[in-house]
Every structure is written in C-alpha cells, then in structure tokens.
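Asker: Data: start.txt, compact mmCIF, N, CA and C atoms.
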```txt
# COMPACT_ATOMS: atom_id res chain seq x y z
N MET A 262 88.57 97.68 97.00
CA MET A 262 88.66 98.79 97.90
C MET A 262 88.74 100.07 97.09
N LEU A 263 87.75 100.89 97.23
CA LEU A 263 87.64 102.11 96.43
C LEU A 263 88.60 103.21 96.85
N ILE A 264 89.12 103.15 98.06
CA ILE A 264 89.99 104.22 98.54
C ILE A 264 91.26 104.33 97.72
N HIS A 265 91.67 103.27 97.08
CA HIS A 265 92.89 103.32 96.30
C HIS A 265 92.79 104.28 95.12
N PHE A 266 91.63 104.45 94.56
CA PHE A 266 91.49 105.33 93.39
C PHE A 266 91.70 106.80 93.74
N PRO A 267 91.01 107.37 94.73
CA PRO A 267 91.32 108.77 95.07
C PRO A 267 92.75 108.94 95.56
N SER A 268 93.28 107.93 96.25
CA SER A 268 94.65 108.01 96.76
C SER A 268 95.67 108.06 95.64
N ALA A 269 95.31 107.55 94.48
CA ALA A 269 96.20 107.61 93.32
C ALA A 269 95.85 108.79 92.41
N LEU A 270 94.57 109.06 92.24
CA LEU A 270 94.16 110.09 91.28
C LEU A 270 94.41 111.51 91.78
N PHE A 271 94.28 111.78 93.07
CA PHE A 271 94.53 113.13 93.56
C PHE A 271 96.00 113.52 93.46
N PRO A 272 96.96 112.64 93.83
CA PRO A 272 98.36 113.00 93.57
C PRO A 272 98.66 113.14 92.08
N MET A 273 98.02 112.31 91.26
CA MET A 273 98.21 112.45 89.82
C MET A 273 97.71 113.82 89.34
N ASP A 274 96.59 114.26 89.90
CA ASP A 274 96.07 115.59 89.60
C ASP A 274 97.11 116.65 89.93
N LEU A 275 97.71 116.56 91.11
CA LEU A 275 98.71 117.55 91.52
C LEU A 275 99.93 117.53 90.59
N ILE A 276 100.40 116.35 90.25
CA ILE A 276 101.57 116.24 89.37
C ILE A 276 101.26 116.83 88.00
N CYS A 277 100.11 116.47 87.44
CA CYS A 277 99.73 117.01 86.13
C CYS A 277 99.52 118.52 86.20
N SER A 278 98.93 119.01 87.28
CA SER A 278 98.74 120.45 87.45
C SER A 278 100.08 121.17 87.53
N PHE A 279 101.03 120.59 88.23
CA PHE A 279 102.34 121.20 88.34
C PHE A 279 103.04 121.24 86.98
N ILE A 280 102.96 120.14 86.24
CA ILE A 280 103.59 120.10 84.91
C ILE A 280 102.94 121.14 84.00
N ALA A 281 101.62 121.23 84.06
CA ALA A 281 100.91 122.23 83.23
C ALA A 281 101.34 123.64 83.61
N TYR A 282 101.51 123.89 84.90
CA TYR A 282 101.91 125.22 85.36
C TYR A 282 103.36 125.52 84.98
N TYR A 283 104.26 124.59 85.29
CA TYR A 283 105.69 124.84 85.13
C TYR A 283 106.12 124.87 83.66
N PHE A 284 105.58 123.92 82.86
CA PHE A 284 106.00 123.82 81.47
C PHE A 284 105.00 124.44 80.49
N GLY A 285 103.81 124.79 80.98
CA GLY A 285 102.81 125.40 80.13
C GLY A 285 102.18 124.45 79.12
N ILE A 286 102.18 123.17 79.41
CA ILE A 286 101.60 122.17 78.50
C ILE A 286 100.14 121.98 78.89
N LEU A 287 99.23 122.50 78.08
CA LEU A 287 97.81 122.51 78.44
C LEU A 287 97.18 121.13 78.50
N SER A 288 97.73 120.16 77.77
CA SER A 288 97.15 118.82 77.84
C SER A 288 97.28 118.23 79.25
N PHE A 289 98.27 118.69 79.99
CA PHE A 289 98.39 118.23 81.38
C PHE A 289 97.34 118.88 82.27
N ALA A 290 96.88 120.07 81.91
CA ALA A 290 95.77 120.68 82.64
C ALA A 290 94.50 119.85 82.44
N GLU A 291 94.31 119.35 81.22
CA GLU A 291 93.16 118.48 80.96
C GLU A 291 93.29 117.16 81.70
N ALA A 292 94.49 116.57 81.67
CA ALA A 292 94.71 115.31 82.39
C ALA A 292 94.46 115.51 83.88
N SER A 293 94.88 116.65 84.39
CA SER A 293 94.65 116.98 85.79
C SER A 293 93.16 117.01 86.10
N PHE A 294 92.40 117.65 85.23
CA PHE A 294 90.95 117.74 85.42
C PHE A 294 90.30 116.36 85.44
N TYR A 295 90.71 115.50 84.52
CA TYR A 295 90.13 114.15 84.47
C TYR A 295 90.51 113.34 85.70
N ALA A 296 91.76 113.47 86.16
CA ALA A 296 92.18 112.74 87.37
C ALA A 296 91.41 113.24 88.58
N MET A 297 91.24 114.57 88.68
CA MET A 297 90.51 115.14 89.81
C MET A 297 89.05 114.68 89.79
N THR A 298 88.43 114.71 88.63
CA THR A 298 87.03 114.30 88.52
C THR A 298 86.85 112.83 88.88
N GLY A 299 87.73 111.98 88.37
CA GLY A 299 87.67 110.56 88.71
C GLY A 299 87.88 110.32 90.19
N GLY A 300 88.82 111.05 90.78
CA GLY A 300 89.07 110.92 92.21
C GLY A 300 87.86 111.33 93.04
N VAL A 301 87.18 112.40 92.61
CA VAL A 301 86.00 112.86 93.34
C VAL A 301 84.87 111.84 93.24
N LEU A 302 84.58 111.37 92.04
CA LEU A 302 83.48 110.42 91.86
C LEU A 302 83.73 109.12 92.62
N LEU A 303 84.92 108.58 92.49
CA LEU A 303 85.22 107.34 93.21
C LEU A 303 85.39 107.60 94.70
N GLY A 304 85.80 108.81 95.06
CA GLY A 304 85.91 109.16 96.48
C GLY A 304 84.57 109.16 97.17
N PHE A 305 83.54 109.68 96.49
CA PHE A 305 82.21 109.65 97.11
C PHE A 305 81.70 108.22 97.25
N MET A 306 82.05 107.35 96.30
CA MET A 306 81.68 105.94 96.46
C MET A 306 82.41 105.34 97.66
N ALA A 307 83.66 105.73 97.87
CA ALA A 307 84.42 105.24 99.04
C ALA A 307 83.81 105.76 100.34
N VAL A 308 83.32 107.00 100.33
CA VAL A 308 82.66 107.55 101.52
C VAL A 308 81.40 106.74 101.85
N ILE A 309 80.63 106.39 100.84
CA ILE A 309 79.41 105.62 101.06
C ILE A 309 79.73 104.24 101.64
N THR A 310 80.72 103.56 101.06
CA THR A 310 81.06 102.23 101.58
C THR A 310 81.70 102.34 102.97
N GLY A 311 82.46 103.41 103.20
CA GLY A 311 83.03 103.62 104.53
C GLY A 311 81.95 103.87 105.57
N PHE A 312 80.91 104.60 105.19
CA PHE A 312 79.80 104.83 106.11
C PHE A 312 79.10 103.51 106.45
N ALA A 313 78.96 102.64 105.46
CA ALA A 313 78.36 101.33 105.71
C ALA A 313 79.24 100.53 106.68
N ASP A 314 80.56 100.62 106.51
CA ASP A 314 81.46 99.95 107.46
C ASP A 314 81.32 100.53 108.86
N LEU A 315 81.15 101.84 108.94
CA LEU A 315 80.97 102.49 110.25
C LEU A 315 79.74 101.95 110.96
N ILE A 316 78.65 101.84 110.23
CA ILE A 316 77.40 101.36 110.84
C ILE A 316 77.57 99.93 111.35
N SER A 317 78.18 99.07 110.54
CA SER A 317 78.33 97.68 110.98
C SER A 317 79.36 97.55 112.10
N THR A 318 80.37 98.39 112.12
CA THR A 318 81.40 98.31 113.15
C THR A 318 80.94 98.91 114.46
N ALA A 319 80.10 99.93 114.41
CA ALA A 319 79.65 100.61 115.63
C ALA A 319 78.95 99.64 116.58
N GLU A 320 78.25 98.66 116.02
CA GLU A 320 77.56 97.67 116.86
C GLU A 320 78.55 96.70 117.50
N LYS A 321 79.56 96.28 116.73
CA LYS A 321 80.50 95.27 117.21
C LYS A 321 81.63 95.85 118.05
N ARG A 322 82.12 97.03 117.66
CA ARG A 322 83.29 97.62 118.32
C ARG A 322 83.04 99.10 118.60
N PRO A 323 82.16 99.44 119.53
CA PRO A 323 81.85 100.85 119.79
C PRO A 323 83.05 101.66 120.27
N ASP A 324 84.08 100.99 120.79
CA ASP A 324 85.27 101.69 121.26
C ASP A 324 86.07 102.32 120.12
N LEU A 325 85.84 101.88 118.88
CA LEU A 325 86.60 102.39 117.74
C LEU A 325 85.85 103.45 116.93
N VAL A 326 84.64 103.78 117.33
CA VAL A 326 83.83 104.72 116.55
C VAL A 326 84.53 106.08 116.41
N ARG A 327 85.14 106.56 117.47
CA ARG A 327 85.82 107.86 117.41
C ARG A 327 86.94 107.84 116.38
N LYS A 328 87.76 106.79 116.40
CA LYS A 328 88.85 106.66 115.42
C LYS A 328 88.31 106.61 113.99
N ILE A 329 87.23 105.87 113.81
CA ILE A 329 86.64 105.74 112.48
C ILE A 329 86.09 107.09 112.01
N LEU A 330 85.45 107.83 112.92
CA LEU A 330 84.91 109.14 112.55
C LEU A 330 86.00 110.14 112.20
N VAL A 331 87.12 110.09 112.89
CA VAL A 331 88.24 110.99 112.56
C VAL A 331 88.79 110.64 111.18
N HIS A 332 89.04 109.36 110.95
CA HIS A 332 89.53 108.91 109.63
C HIS A 332 88.55 109.30 108.52
N GLY A 333 87.28 108.98 108.71
CA GLY A 333 86.28 109.29 107.70
C GLY A 333 86.06 110.78 107.52
N GLY A 334 86.12 111.52 108.63
CA GLY A 334 85.93 112.97 108.56
C GLY A 334 87.03 113.64 107.76
N ILE A 335 88.28 113.23 108.00
CA ILE A 335 89.40 113.81 107.25
C ILE A 335 89.25 113.52 105.77
N ASN A 336 89.01 112.26 105.43
CA ASN A 336 88.92 111.91 104.01
C ASN A 336 87.69 112.51 103.34
N THR A 337 86.59 112.63 104.07
CA THR A 337 85.40 113.26 103.51
C THR A 337 85.66 114.75 103.26
N LEU A 338 86.36 115.40 104.17
CA LEU A 338 86.71 116.81 103.96
C LEU A 338 87.54 116.98 102.70
N VAL A 339 88.51 116.10 102.50
CA VAL A 339 89.34 116.16 101.29
C VAL A 339 88.47 116.00 100.04
N ILE A 340 87.54 115.05 100.07
CA ILE A 340 86.66 114.82 98.92
C ILE A 340 85.77 116.04 98.67
N ILE A 341 85.26 116.65 99.71
CA ILE A 341 84.38 117.82 99.55
C ILE A 341 85.15 118.99 98.94
N VAL A 342 86.34 119.26 99.47
CA VAL A 342 87.12 120.38 98.93
C VAL A 342 87.51 120.10 97.48
N TYR A 343 87.93 118.88 97.20
CA TYR A 343 88.25 118.52 95.81
C TYR A 343 87.01 118.62 94.92
N SER A 344 85.84 118.33 95.46
CA SER A 344 84.60 118.47 94.68
C SER A 344 84.38 119.93 94.28
N ILE A 345 84.64 120.83 95.21
CA ILE A 345 84.50 122.26 94.93
C ILE A 345 85.50 122.67 93.85
N LEU A 346 86.73 122.20 93.97
CA LEU A 346 87.75 122.52 92.97
C LEU A 346 87.38 121.95 91.60
N ALA A 347 86.83 120.73 91.59
CA ALA A 347 86.41 120.13 90.33
C ALA A 347 85.26 120.90 89.71
N PHE A 348 84.33 121.36 90.52
CA PHE A 348 83.20 122.14 90.01
C PHE A 348 83.68 123.47 89.41
N ILE A 349 84.60 124.12 90.08
CA ILE A 349 85.15 125.37 89.56
C ILE A 349 85.86 125.12 88.23
N ALA A 350 86.65 124.04 88.15
CA ALA A 350 87.34 123.71 86.90
C ALA A 350 86.34 123.36 85.81
N TYR A 351 85.27 122.66 86.18
CA TYR A 351 84.25 122.27 85.20
C TYR A 351 83.58 123.49 84.56
N LYS A 352 83.43 124.56 85.33
CA LYS A 352 82.81 125.77 84.79
C LYS A 352 83.66 126.38 83.66
N HIS A 353 84.96 126.06 83.63
CA HIS A 353 85.85 126.57 82.59
C HIS A 353 86.10 125.55 81.48
N TYR A 354 85.57 124.36 81.63
CA TYR A 354 85.79 123.30 80.66
C TYR A 354 85.12 123.66 79.34
N PRO A 355 85.69 123.45 78.18
CA PRO A 355 86.97 122.79 77.86
C PRO A 355 88.15 123.75 77.77
N GLU A 356 87.97 124.99 78.14
CA GLU A 356 89.06 125.98 78.08
C GLU A 356 89.83 126.01 79.41
N LEU A 357 90.44 124.90 79.75
CA LEU A 357 91.17 124.80 81.02
C LEU A 357 92.52 125.49 80.92
N THR A 358 92.92 126.11 82.00
CA THR A 358 94.22 126.77 82.08
C THR A 358 95.01 126.15 83.23
N PRO A 359 96.33 126.32 83.21
CA PRO A 359 97.13 125.79 84.33
C PRO A 359 96.71 126.43 85.66
N ASP A 360 96.79 125.65 86.72
CA ASP A 360 96.47 126.15 88.06
C ASP A 360 97.49 127.19 88.49
N ARG A 361 97.04 128.11 89.31
CA ARG A 361 97.93 129.13 89.88
C ARG A 361 98.67 128.51 91.08
N PRO A 362 99.79 129.13 91.48
CA PRO A 362 100.58 128.57 92.59
C PRO A 362 99.76 128.36 93.88
N ALA A 363 98.85 129.28 94.21
CA ALA A 363 98.06 129.11 95.43
C ALA A 363 97.21 127.84 95.36
N LEU A 364 96.68 127.54 94.19
CA LEU A 364 95.87 126.33 94.04
C LEU A 364 96.74 125.08 94.11
N LEU A 365 97.95 125.16 93.56
CA LEU A 365 98.87 124.03 93.67
C LEU A 365 99.22 123.75 95.13
N ILE A 366 99.43 124.81 95.90
CA ILE A 366 99.73 124.65 97.33
C ILE A 366 98.53 124.07 98.06
N THR A 367 97.33 124.53 97.70
CA THR A 367 96.10 123.99 98.32
C THR A 367 95.97 122.50 98.03
N LYS A 368 96.20 122.11 96.78
CA LYS A 368 96.12 120.69 96.42
C LYS A 368 97.17 119.87 97.16
N ALA A 369 98.37 120.41 97.30
CA ALA A 369 99.41 119.70 98.05
C ALA A 369 98.99 119.52 99.52
N GLY A 370 98.39 120.54 100.10
CA GLY A 370 97.90 120.44 101.47
C GLY A 370 96.80 119.40 101.61
N LEU A 371 95.90 119.35 100.62
CA LEU A 371 94.84 118.35 100.65
C LEU A 371 95.41 116.94 100.56
N ILE A 372 96.43 116.77 99.75
CA ILE A 372 97.04 115.45 99.62
C ILE A 372 97.73 115.05 100.92
N LEU A 373 98.40 116.00 101.57
CA LEU A 373 98.99 115.69 102.88
C LEU A 373 97.92 115.31 103.89
N LEU A 374 96.81 116.02 103.87
CA LEU A 374 95.69 115.69 104.76
C LEU A 374 95.14 114.30 104.43
N MET A 375 95.04 113.98 103.15
CA MET A 375 94.56 112.66 102.74
C MET A 375 95.52 111.57 103.21
N ILE A 376 96.82 111.82 103.15
CA ILE A 376 97.80 110.84 103.62
C ILE A 376 97.60 110.58 105.11
N ILE A 377 97.35 111.61 105.88
CA ILE A 377 97.09 111.44 107.32
C ILE A 377 95.84 110.60 107.52
N GLY A 378 94.76 110.93 106.79
CA GLY A 378 93.52 110.15 106.89
C GLY A 378 93.72 108.70 106.49
N ASN A 379 94.49 108.48 105.43
CA ASN A 379 94.74 107.11 104.98
C ASN A 379 95.61 106.34 105.97
N TYR A 380 96.53 107.04 106.62
CA TYR A 380 97.34 106.41 107.67
C TYR A 380 96.45 105.92 108.81
N LEU A 381 95.53 106.79 109.22
CA LEU A 381 94.59 106.39 110.28
C LEU A 381 93.73 105.21 109.84
N GLY A 382 93.30 105.23 108.58
CA GLY A 382 92.52 104.11 108.05
C GLY A 382 93.32 102.83 107.99
N GLY A 383 94.58 102.94 107.63
CA GLY A 383 95.46 101.77 107.62
C GLY A 383 95.63 101.19 109.01
N ASN A 384 95.73 102.06 110.00
CA ASN A 384 95.81 101.57 111.39
C ASN A 384 94.54 100.85 111.79
N LEU A 385 93.41 101.36 111.37
CA LEU A 385 92.15 100.69 111.69
C LEU A 385 92.11 99.29 111.09
N ILE A 386 92.65 99.15 109.90
CA ILE A 386 92.64 97.84 109.25
C ILE A 386 93.69 96.92 109.86
N LEU A 387 94.93 97.40 109.96
CA LEU A 387 96.03 96.53 110.39
C LEU A 387 96.08 96.28 111.88
N LYS A 388 95.85 97.31 112.69
CA LYS A 388 95.95 97.14 114.14
C LYS A 388 94.64 96.72 114.78
N ASP A 389 93.54 97.34 114.32
CA ASP A 389 92.25 97.08 114.94
C ASP A 389 91.43 96.03 114.20
N LYS A 390 91.92 95.60 113.06
CA LYS A 390 91.28 94.53 112.26
C LYS A 390 89.87 94.90 111.80
N ILE A 391 89.64 96.19 111.52
CA ILE A 391 88.35 96.63 111.02
C ILE A 391 88.23 96.30 109.53
N GLY A 392 87.12 95.73 109.14
CA GLY A 392 86.89 95.41 107.73
C GLY A 392 87.54 94.14 107.28
N ILE A 393 88.19 93.43 108.17
CA ILE A 393 88.85 92.17 107.81
C ILE A 393 88.02 91.04 108.38
N GLU A 394 87.50 90.24 107.50
CA GLU A 394 86.71 89.09 107.94
C GLU A 394 87.64 87.99 108.43
N ASN A 395 87.21 87.23 109.38
CA ASN A 395 87.98 86.11 109.88
C ASN A 395 87.89 84.96 108.90
N SER A 396 88.85 84.89 107.97
CA SER A 396 88.76 83.87 106.93
C SER A 396 89.69 82.70 107.17
N GLY A 397 90.22 82.59 108.34
CA GLY A 397 91.10 81.47 108.64
C GLY A 397 92.55 81.79 108.30
N THR A 398 93.28 80.76 107.91
CA THR A 398 94.70 80.94 107.60
C THR A 398 94.89 81.28 106.14
N PHE A 399 96.06 81.84 105.85
CA PHE A 399 96.37 82.20 104.47
C PHE A 399 97.03 81.07 103.74
```
Output the structure of this file as structure tokens.

Answerer:
Amino acid sequence: MLIHFPSALFPMDLICSFIAYYFGILSFAEASFYAMTGGVLLGFMAVITGFADLISTAEKRPDLVRKILVHGGINTLVIIVYSILAFIAYKHYPELTPDRPALLITKAGLILLMIIGNYLGGNLILKDKIGIENSGTF
C-alpha cells in the first residue's frame, strides 16, 4: 500500500523543517527536502493506484463513489500542493534554507488535511470493505 509512504514522509518533512528553522541546522533542511520529494513521488503513485481502485469499485459499488472521490480529492490536493512546494525548493537546491514560519504553518495544515483524507480512506477500507478481497478466514 503506497499511501503509507506519503503519510510518513510528509510529517517527517514538517518535523525536519521545524528543526531546521528552530535550531538552524541546515542538514535538516536537506532531510526535509528529500522527505518531501519522496512523499510527492510515492504520493503520485498512490493517486494512480487509487484511481484504478475507483474505476473497479464504481462498477461494483456505485453508492460509494462520492465517498471515494472526497477521499481521493483531499489526498490529491495535498499531493499537488506538496508538489508545488517541492518544485519551489528544488529551484534553490542545493542551497536550501530553513522554511519560514508561514510555510511551516502551511505544511502543518496540509498534514491535518491529509489526516482527514486518510481517515476517510480508512473508513472505506474498514467499514465499507473497499479494496479488501474476500480471502476467507484468517
């Protein structure tokens, strides 16, 4: 499941960005950049696989399409905004500087939005049984 990577790498980006800002340790700005870039690349792969799940689920469970689109829309928005942030940071690479407070707040907001999207996705899996094949007993 590819969603686990952006869900881990984006908060890591925020933590490293905060450490770089608060303590002035530039290596954490670099670590932040790498975490953000990895989260974006793997996030787009998660969007592609999620879209494939949407197509297959729409035929079987059309009643859940709205829920799936809200979940996917939220997470895709987070990936797109993080992509823009990664592109801006890439333009300054390798001379990265600590993020400013407004950018730290923006990243925190994106992570909160991602948590909401992931919660909705978890409900789709656990309550609606989307993406779970009927494999019998455990």

Asker: Which is closest to Gly392 in chain A among A:Ser293, A:Ser278, A:Asn379, A:Thr318, if we use all atoms listed in the file?

Answerer: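 Of A:Ser293, A:Ser278, A:Asn379, A:Thr318, the one nearest Gly392 in chain A, counting all atoms listed in the file, is A:Thr318.
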
Asker: When you look at Glu291 in chain A with a cut-off of 7 Å (counting all atoms listed in the file), what residues show up, excluding the ones that are within fewer than 4 positions of it in the same chain? I need them as an mmCIF file with N, CA and C atoms, keeping the file's coordinate frame.

Answerer:
```
data_model
loop_
_atom_site.group_PDB
_atom_site.id
_atom_site.type_symbol
_atom_site.label_atom_id
_atom_site.label_comp_id
_atom_site.auth_asym_id
_atom_site.auth_seq_id
_atom_site.Cartn_x
_atom_site.Cartn_y
_atom_site.Cartn_z
ATOM 1 N N ILE A 286 102.180 123.170 79.410
ATOM 2 C CA ILE A 286 101.600 122.170 78.500
ATOM 3 C C ILE A 286 100.140 121.980 78.890
ATOM 4 N N LEU A 287 99.230 122.500 78.080
ATOM 5 C CA LEU A 287 97.810 122.510 78.440
ATOM 6 C C LEU A 287 97.180 121.130 78.500
ATOM 7 N N TYR A 295 90.710 115.500 84.520
ATOM 8 C CA TYR A 295 90.130 114.150 84.470
ATOM 9 C C TYR A 295 90.510 113.340 85.700
ATOM 10 N N ALA A 296 91.760 113.470 86.160
ATOM 11 C CA ALA A 296 92.180 112.740 87.370
ATOM 12 C C ALA A 296 91.410 113.240 88.580
ATOM 13 N N LEU A 357 90.440 124.900 79.750
ATOM 14 C CA LEU A 357 91.170 124.800 81.020
ATOM 15 C C LEU A 357 92.520 125.490 80.920
ATOM 16 N N THR A 358 92.920 126.110 82.000
ATOM 17 C CA THR A 358 94.220 126.770 82.080
ATOM 18 C C THR A 358 95.010 126.150 83.230
#
```

Asker: Grab the CA of Ile341 in chain A to CA of Val301 in chain A distance for me, in Å with one decimal place.

Answerer: 8.1 Å

Asker: Here is a test: counting all atoms listed in the file, which residue of A:Val308, A:Ala369, A:Leu374, A:Ala292 is nearest to Cys277 in chain A?

Answerer: A:Ala292

Asker: Measuring atom to atom with only C-alpha atoms, identify which of A:Arg327, A:Arg322, A:Lys352, A:Arg361 is nearest to Phe279 in chain A.

Answerer: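 Checking each of A:Arg327, A:Arg322, A:Lys352, A:Arg361 against Phe279 in chain A, counting only C-alpha atoms, the winner is A:Arg361.
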
Asker: If you count all atoms listed in the file, which residues fall within 8 Å of Val331 in chain A, apart from same-chain ones fewer than 3 positions away, as a list in words?

Answerer: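 Residues meeting the cut-off are Leu325, Val326, Arg327, Lys328, Gly334, Ile335, Asn336, Thr337, Ile377, Gly378, Leu381 and Gly382 of chain A.
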
Asker: Can you find the residues with an atom no farther than 8 Å from (89.0, 109.3, 97.4), counting only N, CA and C atoms, and report them as a list of chain:residue names?

Answerer: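 Checking each residue against the 8 Å limit leaves A:Leu263, A:Ile264, A:His265, A:Phe266, A:Pro267, A:Ser268, A:Ala269, A:Leu270, A:Phe271, A:Gly299, A:Gly300, A:Val301, A:Leu302, A:Leu303, A:Gly304, A:Phe305, A:Met306, A:Ala307, A:Val308, A:Asn336, A:Thr337, A:Val339, A:Ile340.
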
Asker: Would you place a box with edges along x, y and z of the file around all atoms of range 352-370 of chain A listed there, add 6 Å to each of its six sides, and report the centre and edge lengths in Å to one decimal, as JSON?

Answerer:
```
{"center_x": 91.7, "center_y": 124.3, "center_z": 89.7, "size_x": 29.8, "size_y": 21.9, "size_z": 35.8}
```

Asker: Find the distance between atom N of Ile366 in chain A and CA of Tyr282 in chain A and write it in Å to one decimal.

Answerer: 10.8 Å

Asker: I need the residue nearest Glu356 in chain A from this list: A:Leu330, A:Ile280, A:Ser288, A:Val342. Use only C-alpha atoms for the distance.

Answerer: A:Ser288

Asker: Quick check, in Å to one decimal: how far apart do atom N of Ile376 in chain A and CA of Ala350 in chain A lie?

Answerer: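 Pair atom N of Ile376 in chain A / CA of Ala350 in chain A returns 22.3 Å.
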